[in-house]
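Shown below: structure-v9.pdb, with PDB, C-alpha atoms, pLDDT in the B column.
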ATOM      1  CA  ARG A  18     156.839  85.296 121.276  1.00 76.00           C
ATOM      2  CA  THR A  19     153.076  85.802 121.238  1.00 85.00           C
ATOM      3  CA  ALA A  20     151.967  89.278 122.259  1.00 87.00           C
ATOM      4  CA  ALA A  21     148.212  89.044 122.848  1.00 90.00           C
ATOM      5  CA  GLU A  22     147.839  91.372 125.840  1.00 95.00           C
ATOM      6  CA  GLY A  23     148.203  95.143 125.734  1.00 94.00           C
ATOM      7  CA  GLY A  24     145.877  98.102 125.360  1.00 96.00           C
ATOM      8  CA  VAL A  25     143.878 100.283 122.997  1.00 97.00           C
ATOM      9  CA  VAL A  26     144.346 104.056 123.048  1.00 97.00           C
ATOM     10  CA  VAL A  27     142.072 106.610 121.370  1.00 97.00           C
ATOM     11  CA  ALA A  28     142.240 110.270 120.370  1.00 97.00           C
ATOM     12  CA  THR A  29     139.578 112.582 118.912  1.00 97.00           C
ATOM     13  CA  ASN A  30     139.899 116.082 117.506  1.00 97.00           C
ATOM     14  CA  ASP A  31     138.302 119.121 119.174  1.00 96.00           C
ATOM     15  CA  ALA A  32     135.534 119.266 116.566  1.00 97.00           C
ATOM     16  CA  ASN A  33     134.564 115.630 117.232  1.00 97.00           C
ATOM     17  CA  THR A  34     134.779 114.757 113.541  1.00 98.00           C
ATOM     18  CA  VAL A  35     137.866 112.506 113.615  1.00 98.00           C
ATOM     19  CA  ALA A  36     138.925 109.670 115.923  1.00 97.00           C
ATOM     20  CA  VAL A  37     141.935 107.369 115.831  1.00 98.00           C
ATOM     21  CA  MET A  38     142.325 104.069 117.694  1.00 97.00           C
ATOM     22  CA  VAL A  39     145.588 102.167 118.086  1.00 97.00           C
ATOM     23  CA  GLU A  40     146.078  98.666 119.511  1.00 97.00           C
ATOM     24  CA  ILE A  41     149.515  97.992 121.043  1.00 97.00           C
ATOM     25  CA  ASN A  42     150.312  94.458 122.228  1.00 96.00           C
ATOM     26  CA  SER A  43     152.553  93.043 124.928  1.00 95.00           C
ATOM     27  CA  GLU A  44     153.097  89.519 126.210  1.00 94.00           C
ATOM     28  CA  THR A  45     151.654  90.097 129.676  1.00 93.00           C
ATOM     29  CA  ASP A  46     148.937  92.225 131.211  1.00 92.00           C
ATOM     30  CA  PHE A  47     151.433  93.392 133.850  1.00 92.00           C
ATOM     31  CA  VAL A  48     153.505  95.181 131.216  1.00 92.00           C
ATOM     32  CA  ALA A  49     150.365  96.576 129.565  1.00 91.00           C
ATOM     33  CA  ARG A  50     149.674  98.496 132.773  1.00 91.00           C
ATOM     34  CA  ASP A  51     153.206  99.902 132.983  1.00 92.00           C
ATOM     35  CA  ASP A  52     153.692 103.654 132.466  1.00 94.00           C
ATOM     36  CA  ASN A  53     156.519 103.070 129.966  1.00 95.00           C
ATOM     37  CA  PHE A  54     154.198 100.935 127.832  1.00 96.00           C
ATOM     38  CA  MET A  55     151.355 103.472 127.975  1.00 95.00           C
ATOM     39  CA  ASN A  56     153.703 106.358 127.164  1.00 96.00           C
ATOM     40  CA  PHE A  57     154.877 104.496 124.067  1.00 97.00           C
ATOM     41  CA  ALA A  58     151.268 103.690 123.100  1.00 97.00           C
ATOM     42  CA  ASN A  59     150.360 107.375 123.330  1.00 96.00           C
ATOM     43  CA  ASP A  60     153.414 108.357 121.301  1.00 97.00           C
ATOM     44  CA  VAL A  61     152.269 106.021 118.521  1.00 97.00           C
ATOM     45  CA  LEU A  62     148.714 107.358 118.780  1.00 97.00           C
ATOM     46  CA  ASN A  63     149.813 110.979 118.521  1.00 96.00           C
ATOM     47  CA  VAL A  64     151.959 110.355 115.451  1.00 96.00           C
ATOM     48  CA  ALA A  65     149.192 108.324 113.787  1.00 96.00           C
ATOM     49  CA  PHE A  66     146.679 111.080 114.495  1.00 96.00           C
ATOM     50  CA  GLU A  67     148.881 113.944 113.300  1.00 95.00           C
ATOM     51  CA  ASN A  68     149.981 112.160 110.112  1.00 93.00           C
ATOM     52  CA  SER A  69     146.623 110.550 109.239  1.00 91.00           C
ATOM     53  CA  ARG A  70     148.375 107.204 108.826  1.00 89.00           C
ATOM     54  CA  THR A  71     146.772 103.781 109.309  1.00 94.00           C
ATOM     55  CA  ASP A  72     149.525 101.610 107.798  1.00 95.00           C
ATOM     56  CA  VAL A  73     151.471 100.224 110.760  1.00 96.00           C
ATOM     57  CA  ALA A  74     154.687  99.415 108.871  1.00 94.00           C
ATOM     58  CA  GLU A  75     154.785 102.868 107.308  1.00 95.00           C
ATOM     59  CA  LEU A  76     154.050 104.601 110.609  1.00 94.00           C
ATOM     60  CA  MET A  77     156.718 102.690 112.521  1.00 94.00           C
ATOM     61  CA  GLU A  78     159.598 103.664 110.254  1.00 90.00           C
ATOM     62  CA  GLY A  79     162.237 105.747 112.034  1.00 88.00           C
ATOM     63  CA  ASP A  80     161.782 107.173 115.537  1.00 94.00           C
ATOM     64  CA  LEU A  81     158.807 105.083 116.626  1.00 95.00           C
ATOM     65  CA  GLU A  82     160.532 101.820 115.728  1.00 96.00           C
ATOM     66  CA  ALA A  83     163.621 102.943 117.656  1.00 96.00           C
ATOM     67  CA  LYS A  84     161.396 103.683 120.669  1.00 96.00           C
ATOM     68  CA  ARG A  85     159.731 100.282 120.346  1.00 96.00           C
ATOM     69  CA  GLU A  86     163.080  98.479 120.245  1.00 96.00           C
ATOM     70  CA  ALA A  87     164.323 100.438 123.263  1.00 96.00           C
ATOM     71  CA  LEU A  88     161.167  99.526 125.181  1.00 96.00           C
ATOM     72  CA  VAL A  89     161.571  95.847 124.297  1.00 95.00           C
ATOM     73  CA  GLN A  90     165.139  95.964 125.593  1.00 95.00           C
ATOM     74  CA  LYS A  91     164.066  97.756 128.765  1.00 94.00           C
ATOM     75  CA  ILE A  92     161.153  95.507 129.795  1.00 92.00           C
ATOM     76  CA  GLY A  93     162.196  92.233 128.159  1.00 92.00           C
ATOM     77  CA  GLU A  94     158.923  91.528 126.375  1.00 93.00           C
ATOM     78  CA  ASN A  95     157.794  91.530 122.790  1.00 94.00           C
ATOM     79  CA  ILE A  96     155.908  94.764 122.013  1.00 95.00           C
ATOM     80  CA  THR A  97     154.019  95.165 118.745  1.00 95.00           C
ATOM     81  CA  VAL A  98     151.829  97.802 117.161  1.00 96.00           C
ATOM     82  CA  ARG A  99     148.996  95.773 115.690  1.00 95.00           C
ATOM     83  CA  ARG A 100     146.197  97.982 114.351  1.00 96.00           C
ATOM     84  CA  ILE A 101     145.462 101.619 113.588  1.00 97.00           C
ATOM     85  CA  VAL A 102     141.907 102.705 112.777  1.00 97.00           C
ATOM     86  CA  ARG A 103     140.845 106.193 111.691  1.00 97.00           C
ATOM     87  CA  VAL A 104     137.152 107.165 111.641  1.00 97.00           C
ATOM     88  CA  GLU A 105     135.782 110.402 110.210  1.00 97.00           C
ATOM     89  CA  GLY A 106     132.222 111.716 110.147  1.00 97.00           C
ATOM     90  CA  PRO A 107     129.937 114.678 110.837  1.00 98.00           C
ATOM     91  CA  VAL A 108     129.779 113.675 114.515  1.00 98.00           C
ATOM     92  CA  VAL A 109     132.225 111.199 116.039  1.00 98.00           C
ATOM     93  CA  GLY A 110     132.290 109.819 119.580  1.00 98.00           C
ATOM     94  CA  ALA A 111     134.763 107.465 121.229  1.00 98.00           C
ATOM     95  CA  TYR A 112     134.730 105.313 124.337  1.00 98.00           C
ATOM     96  CA  VAL A 113     137.567 103.443 126.047  1.00 96.00           C
ATOM     97  CA  HIS A 114     136.828 100.900 128.771  1.00 92.00           C
ATOM     98  CA  SER A 115     138.622 101.637 132.039  1.00 83.00           C
ATOM     99  CA  THR A 116     141.005  98.699 131.540  1.00 86.00           C
ATOM    100  CA  ASN A 117     142.040  99.908 128.043  1.00 92.00           C
ATOM    101  CA  LYS A 118     141.178  96.435 126.718  1.00 95.00           C
ATOM    102  CA  ILE A 119     138.170  97.519 124.644  1.00 97.00           C
ATOM    103  CA  ALA A 120     137.556 100.725 122.727  1.00 97.00           C
ATOM    104  CA  SER A 121     135.005 101.815 120.163  1.00 98.00           C
ATOM    105  CA  VAL A 122     134.242 104.736 117.875  1.00 98.00           C
ATOM    106  CA  VAL A 123     130.856 105.687 116.437  1.00 98.00           C
ATOM    107  CA  ALA A 124     130.095 108.106 113.592  1.00 98.00           C
ATOM    108  CA  LEU A 125     126.681 109.789 113.219  1.00 98.00           C
ATOM    109  CA  THR A 126     125.203 112.074 110.544  1.00 98.00           C
ATOM    110  CA  ALA A 127     124.166 114.608 113.191  1.00 97.00           C
ATOM    111  CA  GLY A 128     123.594 115.047 116.921  1.00 94.00           C
ATOM    112  CA  SER A 129     125.988 115.628 119.774  1.00 95.00           C
ATOM    113  CA  ALA A 130     129.362 114.127 120.599  1.00 95.00           C
ATOM    114  CA  GLU A 131     127.859 113.008 123.928  1.00 97.00           C
ATOM    115  CA  VAL A 132     125.247 110.876 122.159  1.00 97.00           C
ATOM    116  CA  ALA A 133     127.908 109.436 119.850  1.00 98.00           C
ATOM    117  CA  ARG A 134     130.021 108.593 122.906  1.00 97.00           C
ATOM    118  CA  ASP A 135     127.033 106.932 124.626  1.00 98.00           C
ATOM    119  CA  VAL A 136     126.466 104.793 121.536  1.00 98.00           C
ATOM    120  CA  ALA A 137     130.199 103.968 121.467  1.00 98.00           C
ATOM    121  CA  MET A 138     129.935 102.855 125.104  1.00 97.00           C
ATOM    122  CA  HIS A 139     127.017 100.593 124.115  1.00 98.00           C
ATOM    123  CA  VAL A 140     129.111  99.154 121.277  1.00 98.00           C
ATOM    124  CA  ALA A 141     131.965  98.417 123.684  1.00 97.00           C
ATOM    125  CA  ALA A 142     129.640  96.692 126.151  1.00 96.00           C
ATOM    126  CA  VAL A 143     127.337  94.747 123.820  1.00 96.00           C
ATOM    127  CA  ASN A 144     129.561  94.108 120.773  1.00 96.00           C
ATOM    128  CA  PRO A 145     126.987  94.203 117.930  1.00 97.00           C
ATOM    129  CA  ARG A 146     127.963  92.406 114.743  1.00 96.00           C
ATOM    130  CA  VAL A 147     126.634  95.048 112.338  1.00 97.00           C
ATOM    131  CA  GLY A 148     125.157  98.542 112.395  1.00 97.00           C
ATOM    132  CA  LYS A 149     121.851  97.780 110.650  1.00 96.00           C
ATOM    133  CA  PRO A 150     120.038  94.509 109.807  1.00 95.00           C
ATOM    134  CA  GLU A 151     120.707  94.992 106.087  1.00 95.00           C
ATOM    135  CA  ASP A 152     124.451  95.136 106.798  1.00 95.00           C
ATOM    136  CA  MET A 153     124.608  91.491 107.934  1.00 95.00           C
ATOM    137  CA  PRO A 154     126.837  89.525 105.499  1.00 95.00           C
ATOM    138  CA  ALA A 155     125.012  86.877 103.460  1.00 94.00           C
ATOM    139  CA  GLU A 156     127.393  84.132 104.628  1.00 94.00           C
ATOM    140  CA  GLU A 157     126.575  84.864 108.274  1.00 93.00           C
ATOM    141  CA  LEU A 158     122.855  84.679 107.532  1.00 92.00           C
ATOM    142  CA  GLU A 159     123.312  81.325 105.782  1.00 91.00           C
ATOM    143  CA  ARG A 160     125.354  80.048 108.727  1.00 92.00           C
ATOM    144  CA  GLU A 161     122.614  81.096 111.144  1.00 91.00           C
ATOM    145  CA  LYS A 162     119.954  79.433 108.961  1.00 88.00           C
ATOM    146  CA  ASP A 163     121.906  76.173 109.093  1.00 88.00           C
ATOM    147  CA  VAL A 164     122.039  76.439 112.892  1.00 89.00           C
ATOM    148  CA  ILE A 165     118.281  77.052 113.070  1.00 88.00           C
ATOM    149  CA  LYS A 166     117.508  74.142 110.728  1.00 83.00           C
ATOM    150  CA  ALA A 167     119.569  71.808 112.915  1.00 86.00           C
ATOM    151  CA  GLN A 168     117.574  72.628 116.069  1.00 86.00           C
ATOM    152  CA  PRO A 169     115.506  69.714 117.463  1.00 88.00           C
ATOM    153  CA  ASP A 170     112.147  71.479 117.166  1.00 83.00           C
ATOM    154  CA  MET A 171     112.612  71.781 113.384  1.00 80.00           C
ATOM    155  CA  GLU A 172     112.793  68.029 112.843  1.00 82.00           C
ATOM    156  CA  GLY A 173     109.916  66.427 110.973  1.00 81.00           C
ATOM    157  CA  LYS A 174     108.027  69.643 110.312  1.00 82.00           C
ATOM    158  CA  PRO A 175     106.627  70.497 106.845  1.00 83.00           C
ATOM    159  CA  ALA A 176     108.841  72.735 104.728  1.00 81.00           C
ATOM    160  CA  GLU A 177     106.419  75.682 104.841  1.00 84.00           C
ATOM    161  CA  ILE A 178     106.303  75.563 108.661  1.00 85.00           C
ATOM    162  CA  VAL A 179     110.102  75.383 108.816  1.00 81.00           C
ATOM    163  CA  GLU A 180     110.360  78.429 106.537  1.00 84.00           C
ATOM    164  CA  LYS A 181     107.881  80.386 108.644  1.00 86.00           C
ATOM    165  CA  MET A 182     109.681  79.534 111.892  1.00 87.00           C
ATOM    166  CA  MET A 183     113.022  80.323 110.309  1.00 86.00           C
ATOM    167  CA  GLY A 184     111.794  83.711 109.146  1.00 87.00           C
ATOM    168  CA  GLY A 185     110.836  84.662 112.684  1.00 90.00           C
ATOM    169  CA  ARG A 186     114.100  83.449 114.160  1.00 92.00           C
ATOM    170  CA  ILE A 187     116.219  85.178 111.517  1.00 93.00           C
ATOM    171  CA  LYS A 188     114.349  88.397 112.245  1.00 93.00           C
ATOM    172  CA  LYS A 189     115.125  87.947 115.948  1.00 93.00           C
ATOM    173  CA  PHE A 190     118.783  87.159 115.142  1.00 94.00           C
ATOM    174  CA  LEU A 191     119.116  90.345 113.083  1.00 95.00           C
ATOM    175  CA  LYS A 192     117.465  92.440 115.793  1.00 94.00           C
ATOM    176  CA  GLU A 193     119.744  91.062 118.511  1.00 95.00           C
ATOM    177  CA  ASN A 194     122.922  91.596 116.478  1.00 96.00           C
ATOM    178  CA  SER A 195     122.256  94.949 114.776  1.00 97.00           C
ATOM    179  CA  LEU A 196     123.325  98.053 116.698  1.00 98.00           C
ATOM    180  CA  VAL A 197     120.337 100.247 115.811  1.00 98.00           C
ATOM    181  CA  GLU A 198     117.861  97.508 116.841  1.00 97.00           C
ATOM    182  CA  GLN A 199     119.430  96.716 120.215  1.00 97.00           C
ATOM    183  CA  PRO A 200     117.963  98.058 123.487  1.00 97.00           C
ATOM    184  CA  PHE A 201     120.210 100.916 124.609  1.00 98.00           C
ATOM    185  CA  VAL A 202     122.246  99.861 127.660  1.00 96.00           C
ATOM    186  CA  LYS A 203     121.436 103.050 129.574  1.00 96.00           C
ATOM    187  CA  ASN A 204     117.716 102.859 128.754  1.00 96.00           C
ATOM    188  CA  PRO A 205     116.483  99.416 127.610  1.00 96.00           C
ATOM    189  CA  ASP A 206     113.041 100.890 126.800  1.00 97.00           C
ATOM    190  CA  GLN A 207     114.658 102.689 123.870  1.00 97.00           C
ATOM    191  CA  THR A 208     116.609 101.195 120.974  1.00 97.00           C
ATOM    192  CA  VAL A 209     119.961 102.653 119.959  1.00 98.00           C
ATOM    193  CA  GLY A 210     118.409 103.674 116.645  1.00 97.00           C
ATOM    194  CA  GLU A 211     115.640 105.552 118.449  1.00 98.00           C
ATOM    195  CA  LEU A 212     118.202 107.324 120.629  1.00 98.00           C
ATOM    196  CA  ILE A 213     120.175 108.467 117.590  1.00 98.00           C
ATOM    197  CA  LYS A 214     117.039 109.531 115.700  1.00 97.00           C
ATOM    198  CA  SER A 215     115.650 111.481 118.683  1.00 97.00           C
ATOM    199  CA  ASN A 216     118.834 113.563 118.550  1.00 96.00           C
ATOM    200  CA  GLY A 217     118.418 114.325 114.860  1.00 96.00           C
ATOM    201  CA  GLY A 218     120.919 111.882 113.419  1.00 97.00           C
ATOM    202  CA  GLU A 219     121.449 108.509 111.789  1.00 97.00           C
ATOM    203  CA  LEU A 220     124.176 105.920 112.193  1.00 98.00           C
ATOM    204  CA  VAL A 221     127.064 106.213 109.752  1.00 97.00           C
ATOM    205  CA  GLY A 222     129.118 103.343 111.206  1.00 96.00           C
ATOM    206  CA  PHE A 223     131.158 102.051 114.101  1.00 97.00           C
ATOM    207  CA  VAL A 224     134.423 100.269 114.867  1.00 97.00           C
ATOM    208  CA  ARG A 225     135.177  98.226 117.981  1.00 97.00           C
ATOM    209  CA  LEU A 226     138.640  96.967 118.941  1.00 97.00           C
ATOM    210  CA  GLU A 227     139.311  94.417 121.647  1.00 96.00           C
ATOM    211  CA  VAL A 228     142.874  93.641 122.671  1.00 95.00           C
ATOM    212  CA  GLY A 229     144.138  90.327 121.339  1.00 90.00           C
ATOM    213  CA  GLU A 230     141.007  89.363 119.412  1.00 91.00           C
ATOM    214  CA  GLY A 231     141.885  86.896 116.683  1.00 87.00           C
ATOM    215  CA  ILE A 232     145.361  86.191 118.071  1.00 85.00           C
ATOM    216  CA  GLU A 233     145.889  82.536 118.851  1.00 78.00           C
ATOM    217  CA  LYS A 234     147.266  82.331 122.366  1.00 71.00           C
ATOM    218  CA  GLU A 235     149.530  79.523 123.441  1.00 62.00           C
ATOM    219  CA  GLU A 236     148.038  77.614 126.370  1.00 57.00           C
ATOM    220  CA  VAL A 237     150.667  77.124 129.038  1.00 53.00           C
ATOM    221  CA  ASP A 238     150.381  74.301 131.563  1.00 54.00           C
ATOM    222  CA  PHE A 239     152.452  75.757 134.401  1.00 51.00           C
ATOM    223  CA  ALA A 240     152.200  72.637 136.557  1.00 62.00           C
ATOM    224  CA  ALA A 241     153.594  70.498 133.743  1.00 60.00           C
ATOM    225  CA  GLU A 242     156.248  73.109 133.022  1.00 58.00           C
ATOM    226  CA  VAL A 243     157.442  73.132 136.660  1.00 60.00           C
ATOM    227  CA  ALA A 244     157.379  69.305 136.788  1.00 62.00           C
ATOM    228  CA  ALA A 245     159.492  69.150 133.637  1.00 60.00           C
ATOM    229  CA  GLN A 246     162.007  71.588 135.099  1.00 60.00           C
ATOM    230  CA  LEU A 247     162.254  69.573 138.343  1.00 66.00           C
ATOM    231  CA  LYS A 248     162.692  66.366 136.374  1.00 65.00           C
ATOM    232  CA  GLY A 249     165.383  68.005 134.274  1.00 56.00           C
TER
END
I'd like the structure from this file rewritten - as C-alpha cells, please.
Amino acid sequence: RTAAEGGVVVATNDANTVAVMVEINSETDFVARDDNFMNFANDVLNVAFENSRTDVAELMEGDLEAKREALVQKIGENITVRRIVRVEGPVVGAYVHSTNKIASVVALTAGSAEVARDVAMHVAAVNPRVGKPEDMPAEELEREKDVIKAQPDMEGKPAEIVEKMMGGRIKKFLKENSLVEQPFVKNPDQTVGELIKSNGGELVGFVRLEVGEGIEKEEVDFAAEVAAQLKG
C-alpha cells in the first residue's frame, strides 16, 4: 500500500557542525500526527545520528525493524523509512516546518548557526533548485531554453535577436532558481548570498526534503468507490 504521507525529523549536534534528516512515511496524515508514529520517527533519527548511517536497509536491521513491524500491527497502516540525509560543515543550520512535512539543512563556511537556520527556513519556503547559478545542471538549462524558444514572442525574430532575448531570460531563470541570488524571505531588499557574506561566510550547500515528493499517489474516487460497494 502506498505510503506517501508522514513526516521529516531533524537533529543537529551541539556544535552545529552536523545535521541528520529522516523521512518516515505513512499512508495517512492522521497517523503521521500520532504520538506513536512520531516516537518511532525519533527513535530512527537518534540511531541514524549516533551511528552516522544513511543507508536505510542497513539502519533498519534488528531492533528498529522490529519496532516498525510492531507499529504497523498496532495502527494498521504501512510505515516505511524512506530517506536519511547527513550534512556536515563548518556551520550547519536546520529548519523544520511546523507540520513536519518540509525540512531543510544548510551548511556555511562560517557565520552563526542562527544565520544558517534562517537560510534553511528560506530554503524550506522557497525551494530553490540549486545553490549557485553555476550549479544548474546543463540538461535543465537546455530544457529551459527550449521553453523560451517556444514562447509566442520568439516567433519570426532573427536568430541574433532570439539569442539576445534568450540570454536575458536564462539569466533571470538562474537568478530566480539559485539560492544565493534569491531575495531573502525575511528581508527582500537583501539576497541570501548577501546575508551569508555579511556574516563572514559562503554557502557550502543545502538539502531540502518534502514528505512524499516523487512518490506516485493513487487517486481515489470515493464517490465511485461507495457506489461500487452499494451496487455490490
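Here atom CA of Phe66 of chain A and atom CA of Ile232 of chain A stand 25.2 Å from one another.
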Please write the residues picked by the PyMOL selection byres ((chain A and resi 100) around 8) on this file as number ranges by chain.
A: 38-41, 71, 73, 98-99, 101-102
Separation of atom CA of Gly222 of chain A from atom CA of Ala28 of chain A, in Å and rounded to one decimal:
17.4 Å
Would you write out, as a tab-separated table, a table of all residues in segment 182-205 of chain A that have an atom no more than 7 Å from an atom of segment 146-166 of chain A, listing for each the closest atom pair and the distance in Å to one decimal, considering all atoms listed in the file and ordering rows by chain and rising residue number?
residue	atom	partner	partner_atom	distance
A:Met183	CA	A:Ile165	CA	6.8
A:Leu191	CA	A:Pro150	CA	5.4
A:Lys192	CA	A:Pro150	CA	6.8
A:Asn194	CA	A:Arg146	CA	5.4
A:Ser195	CA	A:Val147	CA	5.0
A:Leu196	CA	A:Gly148	CA	4.7
A:Val197	CA	A:Lys149	CA	5.9
Give me the residues within 9 Å of Val27 of chain A as a list of chain:residue names, counting only C-alpha atoms and dropping any in the same chain fewer than 3 places off.
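Residues near the query, excluding close chain neighbours: A:Ala36, A:Val37, A:Met38, A:Val39, A:Asn59, A:Leu62, A:Ala111, A:Tyr112, A:Val113, A:Ala120, A:Ser121, A:Val122.
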Of the listed residues A:Met171, A:Leu226, A:Ala49, A:Val104, that which approaches Arg186 of chain A most closely, counting all atoms listed in the file
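Ranked by minimum distance to Arg186 of chain A, first place goes to A:Met171.
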Cut-off 6 Å: closest segment 80-116 of chain A/segment 123-136 of chain A atom pairs per residue, using all atoms listed in the file, as a Markdown table:
| residue | atom | partner | partner_atom | distance |
| --- | --- | --- | --- | --- |
| A:Gly106 | CA | A:Ala124 | CA | 5.4 |
| A:Pro107 | CA | A:Thr126 | CA | 5.4 |
| A:Val108 | CA | A:Leu125 | CA | 5.1 |
| A:Val109 | CA | A:Ala124 | CA | 4.5 |
| A:Gly110 | CA | A:Arg134 | CA | 4.2 |
| A:Ala111 | CA | A:Arg134 | CA | 5.2 |
| A:Tyr112 | CA | A:Arg134 | CA | 5.9 |
Coordinates-based distance that separates atom CA of Asp60 of chain A from atom CA of Leu81 of chain A (Å, one decimal):
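That distance, rounded to one decimal, is 7.9 Å.
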Can you give me, as a list in words, the residues this file yields under the PyMOL selection byres ((chain A and resi 84) around 12)?
Asn53, Phe54, Asn56, Phe57, Ala58, Asn59, Asp60, Val61, Met77, Glu78, Gly79, Asp80, Leu81, Glu82, Ala83, Arg85, Glu86, Ala87, Leu88, Val89, Gln90, Lys91, Ile96, Thr97 and Val98 of chain A
Convert the current residue selection to file output with C-alpha atoms, as a CSV table (one decimal), in the frame of the given file.
chain,number,residue,atom,x,y,z
A,53,ASN,CA,156.5,103.1,130.0
A,54,PHE,CA,154.2,100.9,127.8
A,56,ASN,CA,153.7,106.4,127.2
A,57,PHE,CA,154.9,104.5,124.1
A,58,ALA,CA,151.3,103.7,123.1
A,59,ASN,CA,150.4,107.4,123.3
A,60,ASP,CA,153.4,108.4,121.3
A,61,VAL,CA,152.3,106.0,118.5
A,77,MET,CA,156.7,102.7,112.5
A,78,GLU,CA,159.6,103.7,110.3
A,79,GLY,CA,162.2,105.7,112.0
A,80,ASP,CA,161.8,107.2,115.5
A,81,LEU,CA,158.8,105.1,116.6
A,82,GLU,CA,160.5,101.8,115.7
A,83,ALA,CA,163.6,102.9,117.7
A,85,ARG,CA,159.7,100.3,120.3
A,86,GLU,CA,163.1,98.5,120.2
A,87,ALA,CA,164.3,100.4,123.3
A,88,LEU,CA,161.2,99.5,125.2
A,89,VAL,CA,161.6,95.8,124.3
A,90,GLN,CA,165.1,96.0,125.6
A,91,LYS,CA,164.1,97.8,128.8
A,96,ILE,CA,155.9,94.8,122.0
A,97,THR,CA,154.0,95.2,118.7
A,98,VAL,CA,151.8,97.8,117.2
